[in-house]
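Dropping entry.cif in here (mmCIF, C-alpha atoms):
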```cif
data_query
loop_
_atom_site.group_PDB
_atom_site.id
_atom_site.type_symbol
_atom_site.label_atom_id
_atom_site.label_comp_id
_atom_site.auth_asym_id
_atom_site.auth_seq_id
_atom_site.Cartn_x
_atom_site.Cartn_y
_atom_site.Cartn_z
ATOM 1 C CA MET A 1 55.760 29.931 -2.550
ATOM 2 C CA LYS A 2 52.575 30.627 -4.490
ATOM 3 C CA ARG A 3 51.812 26.917 -4.604
ATOM 4 C CA GLN A 4 52.330 26.640 -0.836
ATOM 5 C CA LYS A 5 49.998 29.578 -0.186
ATOM 6 C CA LEU A 6 47.399 28.037 -2.503
ATOM 7 C CA LEU A 7 47.577 24.736 -0.630
ATOM 8 C CA GLN A 8 47.301 26.562 2.693
ATOM 9 C CA TRP A 9 44.277 28.479 1.423
ATOM 10 C CA LEU A 10 42.626 25.291 0.124
ATOM 11 C CA GLY A 11 43.345 23.577 3.440
ATOM 12 C CA ALA A 12 41.747 26.441 5.360
ATOM 13 C CA VAL A 13 38.703 26.342 3.094
ATOM 14 C CA ALA A 14 38.431 22.590 3.579
ATOM 15 C CA VAL A 15 38.627 22.927 7.365
ATOM 16 C CA VAL A 16 36.004 25.698 7.434
ATOM 17 C CA THR A 17 33.747 23.664 5.122
ATOM 18 C CA ILE A 18 34.061 20.523 7.237
ATOM 19 C CA VAL A 19 33.422 22.421 10.472
ATOM 20 C CA THR A 20 30.421 24.214 8.933
ATOM 21 C CA LEU A 21 28.920 20.963 7.592
ATOM 22 C CA ALA A 22 29.506 19.246 10.937
ATOM 23 C CA ALA A 23 27.802 22.118 12.735
ATOM 24 C CA LEU A 24 24.846 21.976 10.338
ATOM 25 C CA GLU A 25 24.624 18.208 10.856
ATOM 26 C CA VAL A 26 24.428 18.747 14.617
ATOM 27 C CA VAL A 27 21.831 21.505 14.252
ATOM 28 C CA LEU A 28 19.626 19.311 12.051
ATOM 29 C CA ARG A 29 19.844 16.388 14.460
ATOM 30 C CA VAL A 30 18.982 18.603 17.449
ATOM 31 C CA ALA A 31 16.146 20.306 15.566
ATOM 32 C CA ASP A 32 14.754 16.834 14.710
ATOM 33 C CA LEU A 33 12.572 18.142 11.879
ATOM 34 C CA ARG A 34 9.657 15.826 11.159
ATOM 35 C CA GLU A 35 10.470 15.923 7.449
ATOM 36 C CA LEU A 36 13.835 14.297 8.169
ATOM 37 C CA ARG A 37 12.837 11.648 10.713
ATOM 38 C CA GLU A 38 12.636 7.928 10.124
ATOM 39 C CA GLY A 39 9.169 6.450 9.883
ATOM 40 C CA VAL A 40 7.525 4.064 12.341
ATOM 41 C CA SER A 41 4.475 2.980 10.324
ATOM 42 C CA GLU A 42 3.856 -0.462 8.835
ATOM 43 C CA ARG A 43 5.096 0.884 5.486
ATOM 44 C CA SER A 44 8.404 2.196 6.793
ATOM 45 C CA LEU A 45 9.100 -0.755 9.107
ATOM 46 C CA SER A 46 8.443 -3.732 6.851
ATOM 47 C CA TYR A 47 8.032 -2.385 3.302
ATOM 48 C CA GLN A 48 10.645 -1.754 0.623
ATOM 49 C CA TYR A 49 10.987 0.396 -2.472
ATOM 50 C CA ASP A 50 9.372 -0.945 -5.650
ATOM 51 C CA ALA A 51 9.982 0.883 -8.940
ATOM 52 C CA GLU A 52 6.627 -0.262 -10.377
ATOM 53 C CA LEU A 53 4.338 -0.008 -7.349
ATOM 54 C CA GLY A 54 6.082 2.572 -5.142
ATOM 55 C CA TRP A 55 6.388 0.307 -2.104
ATOM 56 C CA ARG A 56 5.765 -3.334 -1.282
ATOM 57 C CA PRO A 57 6.199 -5.569 1.778
ATOM 58 C CA ILE A 58 9.594 -7.236 2.109
ATOM 59 C CA PRO A 59 9.204 -10.989 1.457
ATOM 60 C CA GLY A 60 9.833 -12.961 4.640
ATOM 61 C CA SER A 61 9.846 -9.868 6.855
ATOM 62 C CA THR A 62 8.440 -9.823 10.382
ATOM 63 C CA SER A 63 7.733 -6.745 12.497
ATOM 64 C CA SER A 64 5.674 -5.354 15.354
ATOM 65 C CA ILE A 65 3.402 -2.453 14.391
ATOM 66 C CA THR A 66 1.748 -0.043 16.822
ATOM 67 C CA ASN A 67 -1.250 1.977 15.672
ATOM 68 C CA ALA A 68 -4.533 1.754 17.610
ATOM 69 C CA ARG A 69 -2.973 -1.373 19.137
ATOM 70 C CA THR A 70 0.248 -3.339 18.716
ATOM 71 C CA ILE A 71 0.191 -6.309 16.345
ATOM 72 C CA ARG A 72 2.707 -8.737 14.877
ATOM 73 C CA ALA A 73 2.949 -9.069 11.088
ATOM 74 C CA HIS A 74 4.768 -11.575 8.876
ATOM 75 C CA HIS A 75 4.975 -11.614 5.070
ATOM 76 C CA ASN A 76 5.323 -14.690 2.896
ATOM 77 C CA SER A 77 7.679 -15.075 -0.076
ATOM 78 C CA LEU A 78 5.244 -13.118 -2.284
ATOM 79 C CA GLY A 79 5.414 -10.180 0.119
ATOM 80 C CA LEU A 80 1.843 -10.795 1.301
ATOM 81 C CA ARG A 81 0.694 -11.027 4.892
ATOM 82 C CA ASP A 82 -0.553 -14.577 4.578
ATOM 83 C CA ASP A 83 0.532 -18.210 4.665
ATOM 84 C CA GLU A 84 3.007 -19.411 2.064
ATOM 85 C CA PHE A 85 1.199 -19.780 -1.259
ATOM 86 C CA THR A 86 1.456 -22.754 -3.623
ATOM 87 C CA LEU A 87 -0.451 -23.090 -6.873
ATOM 88 C CA ASP A 88 -2.310 -26.400 -7.159
ATOM 89 C CA ALA A 89 -5.678 -27.798 -8.186
ATOM 90 C CA LYS A 90 -7.538 -26.024 -5.368
ATOM 91 C CA PRO A 91 -8.967 -22.714 -6.680
ATOM 92 C CA THR A 92 -8.024 -19.421 -5.047
ATOM 93 C CA ILE A 93 -10.076 -16.430 -3.944
ATOM 94 C CA MET A 94 -7.690 -13.461 -3.979
ATOM 95 C CA VAL A 95 -8.720 -10.434 -1.918
ATOM 96 C CA LEU A 96 -7.189 -7.119 -3.023
ATOM 97 C CA GLY A 97 -7.116 -3.983 -0.904
ATOM 98 C CA ASP A 98 -5.173 -1.643 1.333
ATOM 99 C CA SER A 99 -4.559 -1.710 5.098
ATOM 100 C CA PHE A 100 -8.079 -3.029 5.721
ATOM 101 C CA VAL A 101 -7.107 -6.228 3.897
ATOM 102 C CA TRP A 102 -3.497 -6.201 5.105
ATOM 103 C CA GLY A 103 -4.965 -6.058 8.608
ATOM 104 C CA LEU A 104 -3.673 -2.974 10.381
ATOM 105 C CA ASP A 105 -4.720 -3.192 14.048
ATOM 106 C CA ALA A 106 -5.574 -6.885 13.617
ATOM 107 C CA GLU A 107 -3.578 -9.985 14.426
ATOM 108 C CA ALA A 108 -3.300 -12.319 11.448
ATOM 109 C CA ASP A 109 -5.910 -14.797 12.696
ATOM 110 C CA GLU A 110 -8.429 -12.020 13.472
ATOM 111 C CA ARG A 111 -8.715 -10.799 9.873
ATOM 112 C CA PHE A 112 -11.800 -11.525 7.785
ATOM 113 C CA THR A 113 -9.731 -13.458 5.254
ATOM 114 C CA GLU A 114 -8.584 -15.871 7.956
ATOM 115 C CA LEU A 115 -12.164 -16.216 9.215
ATOM 116 C CA LEU A 116 -13.249 -17.100 5.672
ATOM 117 C CA LYS A 117 -10.586 -19.827 5.475
ATOM 118 C CA LEU A 118 -12.312 -21.623 8.344
ATOM 119 C CA ARG A 119 -15.628 -21.680 6.468
ATOM 120 C CA VAL A 120 -14.906 -21.844 2.733
ATOM 121 C CA ALA A 121 -13.349 -25.274 2.483
ATOM 122 C CA GLY A 122 -13.372 -25.548 -1.299
ATOM 123 C CA TYR A 123 -11.091 -22.557 -1.899
ATOM 124 C CA LYS A 124 -7.812 -21.074 -0.820
ATOM 125 C CA ILE A 125 -8.188 -17.516 0.466
ATOM 126 C CA LEU A 126 -5.260 -15.194 -0.237
ATOM 127 C CA ALA A 127 -5.052 -11.752 1.399
ATOM 128 C CA ALA A 128 -3.329 -9.538 -1.173
ATOM 129 C CA GLY A 129 -3.596 -6.308 0.776
ATOM 130 C CA VAL A 130 -0.851 -3.696 0.981
ATOM 131 C CA SER A 131 -1.126 -0.805 3.410
ATOM 132 C CA GLY A 132 -1.532 2.558 1.724
ATOM 133 C CA TYR A 133 -2.375 1.235 -1.736
ATOM 134 C CA GLY A 134 -5.000 2.862 -3.892
ATOM 135 C CA THR A 135 -7.118 1.051 -6.473
ATOM 136 C CA ASP A 136 -4.488 1.980 -9.070
ATOM 137 C CA GLN A 137 -1.686 0.152 -7.252
ATOM 138 C CA GLU A 138 -4.004 -2.766 -6.496
ATOM 139 C CA TYR A 139 -4.739 -3.078 -10.225
ATOM 140 C CA LEU A 140 -1.004 -3.161 -10.973
ATOM 141 C CA LEU A 141 -0.389 -5.667 -8.154
ATOM 142 C CA LEU A 142 -3.178 -7.872 -9.520
ATOM 143 C CA GLN A 143 -1.434 -8.071 -12.884
ATOM 144 C CA LYS A 144 1.929 -8.711 -11.227
ATOM 145 C CA LEU A 145 0.599 -11.572 -9.085
ATOM 146 C CA TRP A 146 -1.655 -13.171 -11.675
ATOM 147 C CA PRO A 147 0.857 -15.591 -13.286
ATOM 148 C CA THR A 148 1.751 -16.944 -9.838
ATOM 149 C CA VAL A 149 -1.686 -17.041 -8.199
ATOM 150 C CA LYS A 150 -4.117 -17.507 -11.138
ATOM 151 C CA PRO A 151 -7.170 -16.882 -8.930
ATOM 152 C CA ALA A 152 -10.630 -18.180 -9.735
ATOM 153 C CA VAL A 153 -12.244 -15.259 -7.901
ATOM 154 C CA VAL A 154 -10.948 -11.738 -7.234
ATOM 155 C CA VAL A 155 -12.567 -9.596 -4.537
ATOM 156 C CA LEU A 156 -11.640 -5.918 -4.522
ATOM 157 C CA ILE A 157 -12.110 -4.196 -1.160
ATOM 158 C CA PHE A 158 -12.634 -0.486 -1.815
ATOM 159 C CA CYS A 159 -11.778 1.886 1.032
ATOM 160 C CA ALA A 160 -14.175 4.825 0.967
ATOM 161 C CA ASN A 161 -12.006 6.647 3.530
ATOM 162 C CA ASN A 162 -9.144 7.388 1.177
ATOM 163 C CA ASP A 163 -9.026 5.362 -2.066
ATOM 164 C CA ARG A 164 -10.297 8.229 -4.195
ATOM 165 C CA GLU A 165 -7.537 10.497 -2.848
ATOM 166 C CA ASP A 166 -5.006 7.691 -3.379
ATOM 167 C CA ASN A 167 -6.119 7.269 -6.988
ATOM 168 C CA SER A 168 -5.906 10.986 -7.730
ATOM 169 C CA SER A 169 -2.291 11.725 -6.804
ATOM 170 C CA ASN A 170 1.319 10.601 -7.200
ATOM 171 C CA ILE A 171 2.218 11.228 -3.529
ATOM 172 C CA ARG A 172 0.390 9.979 -0.438
ATOM 173 C CA TYR A 173 0.743 9.811 3.331
ATOM 174 C CA GLU A 174 4.258 10.567 4.597
ATOM 175 C CA GLY A 175 5.540 11.619 1.183
ATOM 176 C CA TYR A 176 5.345 8.182 -0.427
ATOM 177 C CA GLN A 177 5.738 8.387 -4.202
ATOM 178 C CA LYS A 178 3.475 6.140 -6.300
ATOM 179 C CA PRO A 179 2.400 5.462 -9.881
ATOM 180 C CA TYR A 180 -0.871 6.957 -11.055
ATOM 181 C CA PHE A 181 -3.280 6.899 -13.994
ATOM 182 C CA ALA A 182 -3.968 10.060 -15.967
ATOM 183 C CA THR A 183 -7.032 10.347 -18.186
ATOM 184 C CA ALA A 184 -6.349 10.854 -21.899
ATOM 185 C CA PRO A 185 -8.571 13.130 -24.048
ATOM 186 C CA ASP A 186 -10.434 10.058 -25.342
ATOM 187 C CA GLY A 187 -11.233 8.976 -21.773
ATOM 188 C CA SER A 188 -8.740 6.115 -21.644
ATOM 189 C CA LEU A 189 -6.370 5.671 -18.712
ATOM 190 C CA VAL A 190 -2.637 6.215 -19.162
ATOM 191 C CA LEU A 191 -0.186 4.862 -16.592
ATOM 192 C CA GLN A 192 2.255 7.530 -15.410
ATOM 193 C CA GLY A 193 5.028 7.892 -12.842
ATOM 194 C CA GLN A 194 7.075 4.755 -13.540
ATOM 195 C CA PRO A 195 9.757 4.119 -12.566
ATOM 196 C CA VAL A 196 8.518 5.519 -9.274
ATOM 197 C CA PRO A 197 11.063 7.772 -7.510
ATOM 198 C CA LYS A 198 12.377 6.384 -4.242
ATOM 199 C CA SER A 199 10.450 8.118 -1.473
ATOM 200 C CA ARG A 200 12.053 10.056 1.379
ATOM 201 C CA LEU A 201 11.410 7.405 4.048
ATOM 202 C CA GLN A 202 12.518 4.606 1.750
ATOM 203 C CA ALA A 203 15.787 6.416 1.055
ATOM 204 C CA ILE A 204 16.376 6.903 4.800
ATOM 205 C CA LYS A 205 15.827 3.193 5.353
ATOM 206 C CA GLU A 206 17.661 1.774 2.329
ATOM 207 C CA ASP A 207 20.433 4.234 1.320
ATOM 208 C CA TRP A 208 23.498 4.355 3.589
ATOM 209 C CA TRP A 209 24.354 8.049 3.135
ATOM 210 C CA VAL A 210 20.769 9.216 3.546
ATOM 211 C CA ARG A 211 20.348 7.054 6.631
ATOM 212 C CA HIS A 212 23.507 8.250 8.380
ATOM 213 C CA SER A 213 23.659 11.938 7.422
ATOM 214 C CA TRP A 214 20.879 14.395 8.154
ATOM 215 C CA LEU A 215 22.420 16.847 5.713
ATOM 216 C CA VAL A 216 22.027 14.273 2.955
ATOM 217 C CA ARG A 217 18.472 13.646 4.163
ATOM 218 C CA LEU A 218 17.752 17.352 3.774
ATOM 219 C CA ALA A 219 19.295 17.475 0.305
ATOM 220 C CA ASN A 220 17.320 14.397 -0.756
ATOM 221 C CA ALA A 221 14.046 15.813 0.605
ATOM 222 C CA VAL A 222 14.569 19.103 -1.249
ATOM 223 C CA TYR A 223 15.459 17.226 -4.456
ATOM 224 C CA LEU A 224 12.276 15.161 -4.291
ATOM 225 C CA LYS A 225 10.087 18.199 -3.749
ATOM 226 C CA LEU A 226 11.652 20.053 -6.687
ATOM 227 C CA ARG A 227 12.134 17.163 -9.105
ATOM 228 C CA HIS A 228 9.024 15.117 -8.279
ATOM 229 C CA PRO A 229 6.353 17.475 -6.886
ATOM 230 C CA LYS A 230 2.887 16.388 -5.868
ATOM 231 C CA LEU A 231 0.407 16.132 -8.745
ATOM 232 C CA GLN A 232 -3.363 15.865 -8.825
ATOM 233 C CA VAL A 233 -5.255 14.110 -11.626
ATOM 234 C CA PRO A 234 -8.992 13.641 -12.253
ATOM 235 C CA ASP A 235 -10.328 10.812 -10.081
ATOM 236 C CA PRO A 236 -10.086 7.615 -12.190
ATOM 237 C CA THR A 237 -11.680 5.279 -9.615
ATOM 238 C CA GLU A 238 -14.654 4.001 -11.619
ATOM 239 C CA ARG A 239 -12.515 3.510 -14.735
ATOM 240 C CA LEU A 240 -9.969 1.585 -12.659
ATOM 241 C CA VAL A 241 -12.683 -0.720 -11.335
ATOM 242 C CA ASP A 242 -13.829 -1.346 -14.908
ATOM 243 C CA LYS A 243 -10.259 -2.064 -16.024
ATOM 244 C CA MET A 244 -9.805 -4.488 -13.148
ATOM 245 C CA ARG A 245 -13.037 -6.277 -13.983
ATOM 246 C CA GLU A 246 -12.056 -6.454 -17.661
ATOM 247 C CA PHE A 247 -8.697 -7.988 -16.749
ATOM 248 C CA VAL A 248 -10.149 -10.510 -14.278
ATOM 249 C CA GLU A 249 -13.015 -11.669 -16.467
ATOM 250 C CA GLY A 250 -10.746 -11.689 -19.524
ATOM 251 C CA ASN A 251 -8.678 -14.284 -17.682
ATOM 252 C CA GLY A 252 -11.696 -16.440 -16.910
ATOM 253 C CA ALA A 253 -12.239 -15.478 -13.265
ATOM 254 C CA LYS A 254 -15.083 -13.875 -11.320
ATOM 255 C CA PHE A 255 -14.869 -10.285 -10.105
ATOM 256 C CA LEU A 256 -16.621 -9.075 -6.950
ATOM 257 C CA VAL A 257 -16.376 -5.879 -4.887
ATOM 258 C CA GLY A 258 -16.641 -5.138 -1.182
ATOM 259 C CA VAL A 259 -17.096 -1.499 -0.134
ATOM 260 C CA GLN A 260 -15.701 -0.546 3.296
ATOM 261 C CA ALA A 261 -18.336 2.190 3.728
ATOM 262 C CA THR A 262 -20.956 3.226 1.206
ATOM 263 C CA ASP A 263 -19.606 5.480 -1.538
ATOM 264 C CA ALA A 264 -22.707 6.650 -3.414
ATOM 265 C CA ALA A 265 -20.960 7.273 -6.742
ATOM 266 C CA LEU A 266 -19.178 3.923 -6.735
ATOM 267 C CA VAL A 267 -22.297 2.024 -5.664
ATOM 268 C CA ALA A 268 -24.259 3.607 -8.517
ATOM 269 C CA HIS A 269 -21.496 2.668 -10.943
ATOM 270 C CA LEU A 270 -21.357 -0.943 -9.720
ATOM 271 C CA LYS A 271 -25.139 -1.252 -10.103
ATOM 272 C CA ALA A 272 -25.056 0.241 -13.601
ATOM 273 C CA ARG A 273 -22.265 -2.126 -14.665
ATOM 274 C CA GLN A 274 -23.929 -5.079 -12.886
ATOM 275 C CA ILE A 275 -20.807 -5.750 -10.846
ATOM 276 C CA PRO A 276 -21.714 -7.818 -7.750
ATOM 277 C CA PHE A 277 -20.874 -6.000 -4.525
ATOM 278 C CA VAL A 278 -21.578 -5.751 -0.828
ATOM 279 C CA THR A 279 -21.059 -2.922 1.641
ATOM 280 C CA PHE A 280 -19.626 -3.183 5.151
ATOM 281 C CA ASP A 281 -21.417 -0.269 6.783
ATOM 282 C CA GLY A 282 -21.700 -0.850 10.519
ATOM 283 C CA ALA A 283 -18.531 -2.905 10.856
ATOM 284 C CA GLN A 284 -17.027 -1.962 14.207
ATOM 285 C CA SER A 285 -13.780 -0.002 13.964
ATOM 286 C CA TYR A 286 -11.244 1.662 16.223
ATOM 287 C CA ALA A 287 -12.350 5.261 16.760
ATOM 288 C CA GLY A 288 -10.232 8.161 15.622
ATOM 289 C CA ALA A 289 -9.237 9.358 12.184
ATOM 290 C CA ALA A 290 -5.586 9.383 13.234
ATOM 291 C CA SER A 291 -5.658 5.590 13.594
ATOM 292 C CA GLY A 292 -7.429 5.105 10.265
ATOM 293 C CA ASN A 293 -10.676 3.696 11.710
ATOM 294 C CA HIS A 294 -9.569 0.137 10.967
ATOM 295 C CA TRP A 295 -11.825 -2.769 11.828
ATOM 296 C CA THR A 296 -11.791 -4.370 15.256
ATOM 297 C CA PRO A 297 -11.938 -8.195 15.526
ATOM 298 C CA GLN A 298 -15.732 -7.833 15.747
ATOM 299 C CA GLY A 299 -15.669 -5.683 12.620
ATOM 300 C CA HIS A 300 -13.727 -8.344 10.747
ATOM 301 C CA GLN A 301 -16.362 -10.903 11.763
ATOM 302 C CA LEU A 302 -19.130 -8.772 10.210
ATOM 303 C CA VAL A 303 -17.082 -8.324 7.024
ATOM 304 C CA ALA A 304 -16.533 -12.092 6.788
ATOM 305 C CA GLU A 305 -20.269 -12.769 7.178
ATOM 306 C CA ARG A 306 -21.236 -10.295 4.461
ATOM 307 C CA LEU A 307 -18.577 -11.607 2.097
ATOM 308 C CA LEU A 308 -19.901 -15.127 2.635
ATOM 309 C CA GLY A 309 -23.297 -13.846 1.531
ATOM 310 C CA LEU A 310 -21.755 -12.272 -1.582
ATOM 311 C CA LEU A 311 -19.957 -15.511 -2.462
ATOM 312 C CA LEU A 312 -23.203 -17.462 -1.988
ATOM 313 C CA GLU A 313 -25.292 -15.060 -4.086
ATOM 314 C CA ASN A 314 -22.823 -15.300 -6.965
ATOM 315 C CA GLY A 315 -22.443 -19.061 -7.060
ATOM 316 C CA VAL A 316 -18.922 -19.219 -5.669
ATOM 317 C CA ILE A 317 -20.117 -21.393 -2.785
ATOM 318 C CA ALA A 318 -23.244 -23.558 -2.852
ATOM 319 C CA THR A 319 -24.372 -23.255 0.765
ATOM 320 C CA ARG A 320 -23.646 -20.902 3.608
ATOM 321 C CA PRO A 321 -21.253 -22.725 5.966
ATOM 322 C CA ARG A 322 -21.952 -22.685 9.678
ATOM 323 C CA ALA A 323 -19.824 -20.460 11.891
ATOM 324 C CA PRO A 324 -17.251 -22.399 13.924
ATOM 325 C CA GLU A 325 -18.256 -22.854 17.550
#
```
Would you give me this structure, written as structure tokens?
Amino acid sequence: MKRQKLLQWLGAVAVVTIVTLAALEVVLRVADLRELREGVSERSLSYQYDAELGWRPIPGSTSSITNARTIRAHHNSLGLRDDEFTLDAKPTIMVLGDSFVWGLDAEADERFTELLKLRVAGYKILAAGVSGYGTDQEYLLLQKLWPTVKPAVVVLIFCANNDREDNSSNIRYEGYQKPYFATAPDGSLVLQGQPVPKSRLQAIKEDWWVRHSWLVRLANAVYLKLRHPKLQVPDPTERLVDKMREFVEGNGAKFLVGVQATDAALVAHLKARQIPFVTFDGAQSYAGAASGNHWTPQGHQLVAERLLGLLLENGVIATRPRAPE
């Protein structure tokens, strides 16, 4: 009798629990809290979790992205928005950066890297841009890609809009977790945050339970906030640029920098270190901070022209090629 009553009690508890959880699931879905929604950015649509970098484009993926305008994006087998890459005798210019290099709001053939391909015949041009990356992640990506690409020239495109904020935190944008570099007492940089926790939007996209249950989404979001809170570290940008240059030149390649909009501190540092650079002030962009102020096709043309000048000044190309008619 006691056993029967216990089973009845457990059954009642189970029913109440199931009904309560089901009701909470419905409430969460109706409430549609922003913190629990799926993402619709280029990162959430065509990027995947990466334990070393935080996120990275899915090799071979294709998607349509709407920001200031709708574009179509395809990634090669390296997870880069570019043609398929093969290593051969032709030297490579690898361009590192964030969404300005990836080409948010630009069709593939409108980007400055594609415009350079039409005019720099002696080199391959590889766009190694990943939306949302800071200089820290770009430095890590550079090392990861180096054995495969072995570039002769590396051009870092620094985004004055947000790279300093990217480099100073372990969480950016819609809660995306990332690695970061802390500064040791002796001034050296120490890599932290690896393996990177899987971010909220990545879990919704890639984990079955998180994707299909809003209760699990809530539990996961709370766990991330408690277990992996947002951190701020002293801005390591200039040290990261120096580390990148050291790595590139240590491997026998040239290192150049393009600056999306003049950052006085970085420009002073580049001059002091005699690092060749060019700025892209005046490049036309889509208006509105919400869209990220990414370059228009006309803006990409200006960037390509100024980069050609930088390549010419530093002996990468011998003469300035004519613009295609």
If we draw a sphere of 9 Å around (-20.0, -0.1, 8.5), which residues have at least one atom in it when counting only C-alpha atoms? Please report them as a PyMOL selection string. chain A and resi 260-262+279-285+299+302-303
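Taking atom CA of Ala152 of chain A and atom CA of Leu191 of chain A as the two end points, the separation is 26.2 Å.
Candidate residues A:Gln202, A:Asn220, A:Asn293, A:Asn251 were compared for distance to Gln143 of chain A, and the nearest is A:Asn251, using only C-alpha atoms.
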In Å, with one decimal, what is the gap from atom CA of Glu25 of chain A to atom CA of Pro197 of chain A?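 Distance reported for this atom pair: 25.1 Å.
Take atom CA of Met244 of chain A and atom CA of Trp146 of chain A: the distance between them is 12.0 Å.
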As a list of chain:residue names, please: the residues near Val316 of chain A (cut-off 12 Å, only C-alpha atoms, same-chain neighbours under 4 positions excluded).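 Residues meeting the cut-off are A:Pro91, A:Thr92, A:Ile93, A:Val120, A:Ala121, A:Gly122, A:Tyr123, A:Ala152, A:Val153, A:Val154, A:Val155, A:Ala253, A:Lys254, A:Phe255, A:Leu256, A:Pro276, A:Leu307, A:Leu308, A:Gly309, A:Leu310, A:Leu311, A:Leu312, A:Arg320.
Applied to this file, the PyMOL selection byres ((chain A and resi 108-117) around 8) selects Arg72, Ala73, Arg81, Asp82, Val95, Val101, Gly103, Ala106, Glu107, Leu118, Arg119, Val120, Ala121, Tyr123, Lys124, Ile125, Leu126, Ala127, Pro297, His300, Gln301, Val303, Ala304 and Leu308 of chain A.
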Can I get the selected residues back with C-alpha atoms, as an mmCIF file, in the coordinates of the input?
```cif
data_model
loop_
_atom_site.group_PDB
_atom_site.id
_atom_site.type_symbol
_atom_site.label_atom_id
_atom_site.label_comp_id
_atom_site.auth_asym_id
_atom_site.auth_seq_id
_atom_site.Cartn_x
_atom_site.Cartn_y
_atom_site.Cartn_z
ATOM 1 C CA ARG A 72 2.707 -8.737 14.877
ATOM 2 C CA ALA A 73 2.949 -9.069 11.088
ATOM 3 C CA ARG A 81 0.694 -11.027 4.892
ATOM 4 C CA ASP A 82 -0.553 -14.577 4.578
ATOM 5 C CA VAL A 95 -8.720 -10.434 -1.918
ATOM 6 C CA VAL A 101 -7.107 -6.228 3.897
ATOM 7 C CA GLY A 103 -4.965 -6.058 8.608
ATOM 8 C CA ALA A 106 -5.574 -6.885 13.617
ATOM 9 C CA GLU A 107 -3.578 -9.985 14.426
ATOM 10 C CA LEU A 118 -12.312 -21.623 8.344
ATOM 11 C CA ARG A 119 -15.628 -21.680 6.468
ATOM 12 C CA VAL A 120 -14.906 -21.844 2.733
ATOM 13 C CA ALA A 121 -13.349 -25.274 2.483
ATOM 14 C CA TYR A 123 -11.091 -22.557 -1.899
ATOM 15 C CA LYS A 124 -7.812 -21.074 -0.820
ATOM 16 C CA ILE A 125 -8.188 -17.516 0.466
ATOM 17 C CA LEU A 126 -5.260 -15.194 -0.237
ATOM 18 C CA ALA A 127 -5.052 -11.752 1.399
ATOM 19 C CA PRO A 297 -11.938 -8.195 15.526
ATOM 20 C CA HIS A 300 -13.727 -8.344 10.747
ATOM 21 C CA GLN A 301 -16.362 -10.903 11.763
ATOM 22 C CA VAL A 303 -17.082 -8.324 7.024
ATOM 23 C CA ALA A 304 -16.533 -12.092 6.788
ATOM 24 C CA LEU A 308 -19.901 -15.127 2.635
#
```
Can you list, as a list in words, the residues that the PyMOL selection byres ((chain A and resi 174-189) around 7) selects here?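 With the PyMOL selection byres ((chain A and resi 174-189) around 7) on this model, the match is Leu53, Gly54, Asp136, Asn167, Ser169, Asn170, Ile171, Arg172, Tyr173, Val190, Leu191, Gln192, Gly193, Gln194, Val196, Pro197, Lys198, Ser199, Arg200 and Val233 of chain A.
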So that all listed atoms of segment 65-81 of chain A fit with 3 Å spare on each side, what axis-aligned box centre and edge lengths in Å, to one decimal, would you give as JSON?
```
{"center_x": 1.6, "center_y": -6.5, "center_z": 8.4, "size_x": 18.2, "size_y": 23.1, "size_z": 27.4}
```
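Comparing the minimum interatomic distances between Asp98 of chain A and each of A:Val222, A:Ala68, A:Leu145, A:Cys159, counting only C-alpha atoms, we find that A:Cys159 sits nearest.
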(-15.5, -6.5, -1.2) in this file's frame - what residues fall within 7 Å of it? Use only C-alpha atoms and give the answer as an mmCIF file with C-alpha atoms, keeping the file's coordinate frame.
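As written to disk, point-v5.cif reads:
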```cif
data_model
loop_
_atom_site.group_PDB
_atom_site.id
_atom_site.type_symbol
_atom_site.label_atom_id
_atom_site.label_comp_id
_atom_site.auth_asym_id
_atom_site.auth_seq_id
_atom_site.Cartn_x
_atom_site.Cartn_y
_atom_site.Cartn_z
ATOM 1 C CA VAL A 155 -12.567 -9.596 -4.537
ATOM 2 C CA LEU A 156 -11.640 -5.918 -4.522
ATOM 3 C CA ILE A 157 -12.110 -4.196 -1.160
ATOM 4 C CA PHE A 158 -12.634 -0.486 -1.815
ATOM 5 C CA LEU A 256 -16.621 -9.075 -6.950
ATOM 6 C CA VAL A 257 -16.376 -5.879 -4.887
ATOM 7 C CA GLY A 258 -16.641 -5.138 -1.182
ATOM 8 C CA VAL A 259 -17.096 -1.499 -0.134
ATOM 9 C CA PHE A 277 -20.874 -6.000 -4.525
ATOM 10 C CA VAL A 278 -21.578 -5.751 -0.828
ATOM 11 C CA LEU A 307 -18.577 -11.607 2.097
#
```
With a distance cut-off of 8 Å and all atoms listed in the file, select the neighbouring residues of segment 32-37 of chain A, excluding the residue or stretch itself and same-chain residues fewer than 4 positions from it, and output the selection as a short mmCIF file (atom, residue, chain, number, x, y, z; two decimals) with C-alpha atoms, in the coordinates of the input.
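Below is the file part.cif, written as the result:
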```cif
data_model
loop_
_atom_site.label_atom_id
_atom_site.label_comp_id
_atom_site.auth_asym_id
_atom_site.auth_seq_id
_atom_site.Cartn_x
_atom_site.Cartn_y
_atom_site.Cartn_z
CA LEU A 28 19.63 19.31 12.05
CA TRP A 214 20.88 14.40 8.15
CA ARG A 217 18.47 13.65 4.16
CA LEU A 218 17.75 17.35 3.77
CA ALA A 221 14.05 15.81 0.60
#
```
Go through A:Ala287, A:Val16, A:Leu7, A:Leu80 and flag the residue nearest Asn67 of chain A, using all atoms listed in the file for the distances. A:Ala287
Residues near Gln48 of chain A, cut-off 12 Å, only C-alpha atoms, skip fewer than 2 positions along chain, as number ranges by chain: A: 42-46, 50-61, 79, 130, 176, 198-207
Nearest to Lys243 of chain A among A:Thr86, A:Ser77, A:Thr135, A:Ser63, with distances taken over all atoms listed in the file: which residue is it?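 That would be A:Thr135, the residue with the smallest distance to Lys243 of chain A.
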